[in-house]
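Below is one structure, written out as structure tokens, with a few remarks after it.
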Amino acid sequence: MTVPDWLQARGGSLKPGVMPETTFALIDGQPLYKLEVRPATGKFTCAVSATVNGKRYDDPKTTFPTPESALAGGLEQLRSALGW
């Protein structure tokens, strides 16, 4: 996965988690957000949460056709929720 420009501009990067469906968004080397791609009735969704308190940043009703698009969509939902 390519790191989005808005995340790179804030010293951010992406790191895969232990499970293949999990990716962490790091800012200045700290894993602040967890993105977890999940199956959703023949499609996929991306659960986006803060690692420090579990606050959710995603819309669980939004689905995507592929796991890759779910991860990209989850990143976009995070960007929007943070106002970046």
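Here, A, B, ... name the chains of the structure tokens in the order displayed, residue numbers run from 1 inside each chain, and ligands are numbered from 1 in the same displayed order.
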
Legend entry - Residue contacts of Pro16 (chain A) (10 Å, only C-alpha atoms) excluding same-chain residues fewer than 5 positions away, as a PyMOL selection string: chain A and resi 1+21-25+34-35

Legend entry - Long-range neighbours of Val52 (chain A) as a PyMOL selection string, 12 Å cut-off, only C-alpha atoms, 2 positions minimum in chain: chain A and resi 30-34+49-50+54-56

Inset, instruction - Write out as a list in words the residues lying within 9 Å of Val37 (chain A), counting only C-alpha atoms and excluding same-chain residues fewer than 4 positions away. - result: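 My list of contacting residues is Pro20, Glu21, Thr22, Thr23, Phe44, Thr45, Cys46, Ala47, Val48, Pro67, Glu68, Ala70, Leu71 and Gly74 of chain A.
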
Dump of C-alpha atoms for the selected residues, as a PDB file, in the first residue's frame:
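Printed below is out.pdb as written:
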```pdb
ATOM      1  CA  PRO A  20      -2.681  -9.745   7.272  1.00  0.00           C
ATOM      2  CA  GLU A  21      -5.949  -7.798   7.508  1.00  0.00           C
ATOM      3  CA  THR A  22      -4.475  -5.222   9.926  1.00  0.00           C
ATOM      4  CA  THR A  23      -2.468  -2.125   9.023  1.00  0.00           C
ATOM      5  CA  PHE A  44     -15.359  -5.557   2.604  1.00  0.00           C
ATOM      6  CA  THR A  45     -15.325  -2.806   5.186  1.00  0.00           C
ATOM      7  CA  CYS A  46     -12.471  -1.164   7.104  1.00  0.00           C
ATOM      8  CA  ALA A  47     -12.668  -0.622  10.851  1.00  0.00           C
ATOM      9  CA  VAL A  48     -10.557   2.422  11.744  1.00  0.00           C
ATOM     10  CA  PRO A  67      -9.709  -5.607   0.477  1.00  0.00           C
ATOM     11  CA  GLU A  68      -7.345  -3.106  -1.166  1.00  0.00           C
ATOM     12  CA  ALA A  70     -11.394  -1.118   1.742  1.00  0.00           C
ATOM     13  CA  LEU A  71      -7.980  -0.156   3.124  1.00  0.00           C
ATOM     14  CA  GLY A  74     -10.514   3.410   5.510  1.00  0.00           C
TER      15      GLY A  74
END
```

Inset, instruction - Among the residues of chain A, find those DSSP assigns to alpha helix (DSSP H) from the backbone and print them as number ranges by chain. - result: A: 5-8, 67-82

Legend entry - Length of the CA of Gly83 (chain A) to CA of Glu36 (chain A) vector [Å]: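 Interatomic distance here is 20.7 Å.
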
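Here CA of Thr63 (chain A) is placed at a distance of 29.8 Å from CA of Asp28 (chain A).
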
Legend entry - strand (DSSP E) per DSSP on the backbone: members of chain A, as a PyMOL selection string: chain A and resi 12-16+22-27+30-40+43-50

Can you spit out the residues from that selection as a short mmCIF file (atom, residue, chain, number, x, y, z; two decimals), in the first residue's frame, using C-alpha atoms?
```cif
data_model
loop_
_atom_site.label_atom_id
_atom_site.label_comp_id
_atom_site.auth_asym_id
_atom_site.auth_seq_id
_atom_site.Cartn_x
_atom_site.Cartn_y
_atom_site.Cartn_z
CA GLY A 12 3.29 9.36 8.73
CA SER A 13 3.75 5.89 7.33
CA LEU A 14 1.92 2.56 7.12
CA LYS A 15 3.03 -0.67 8.75
CA PRO A 16 1.44 -4.10 8.39
CA THR A 22 -4.48 -5.22 9.93
CA THR A 23 -2.47 -2.12 9.02
CA PHE A 24 -1.24 0.59 11.36
CA ALA A 25 -0.97 4.28 10.48
CA LEU A 26 2.11 5.64 12.22
CA ILE A 27 2.82 9.29 12.87
CA GLN A 30 4.06 5.92 16.77
CA PRO A 31 1.20 3.56 15.77
CA LEU A 32 -1.71 5.92 16.43
CA TYR A 33 -4.42 4.35 14.22
CA LYS A 34 -5.37 0.78 13.39
CA LEU A 35 -7.11 -0.12 10.14
CA GLU A 36 -8.65 -3.57 9.99
CA VAL A 37 -10.18 -4.88 6.76
CA ARG A 38 -13.18 -7.11 7.48
CA PRO A 39 -15.57 -9.13 5.29
CA ALA A 40 -19.06 -7.65 4.91
CA LYS A 43 -17.79 -7.11 0.13
CA PHE A 44 -15.36 -5.56 2.60
CA THR A 45 -15.33 -2.81 5.19
CA CYS A 46 -12.47 -1.16 7.10
CA ALA A 47 -12.67 -0.62 10.85
CA VAL A 48 -10.56 2.42 11.74
CA SER A 49 -9.74 3.10 15.38
CA ALA A 50 -7.30 4.99 17.58
#
```

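A straight line drawn from CA of Asp5 (chain A) to CA of Pro65 (chain A) is 23.3 Å long.
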
Inset, instruction - Could you check which of A:Gln8, A:Thr41, A:Ser80, A:Thr2 is closest to Asp58 (chain A), using only C-alpha atoms? - result: A:Ser80

Inset, instruction - Would you mind telling me which residue in A:Asn53, A:Asp59, A:Gly29, A:Gly17 lies nearest to Leu75 (chain A) when using only C-alpha atoms? - result: A:Asp59
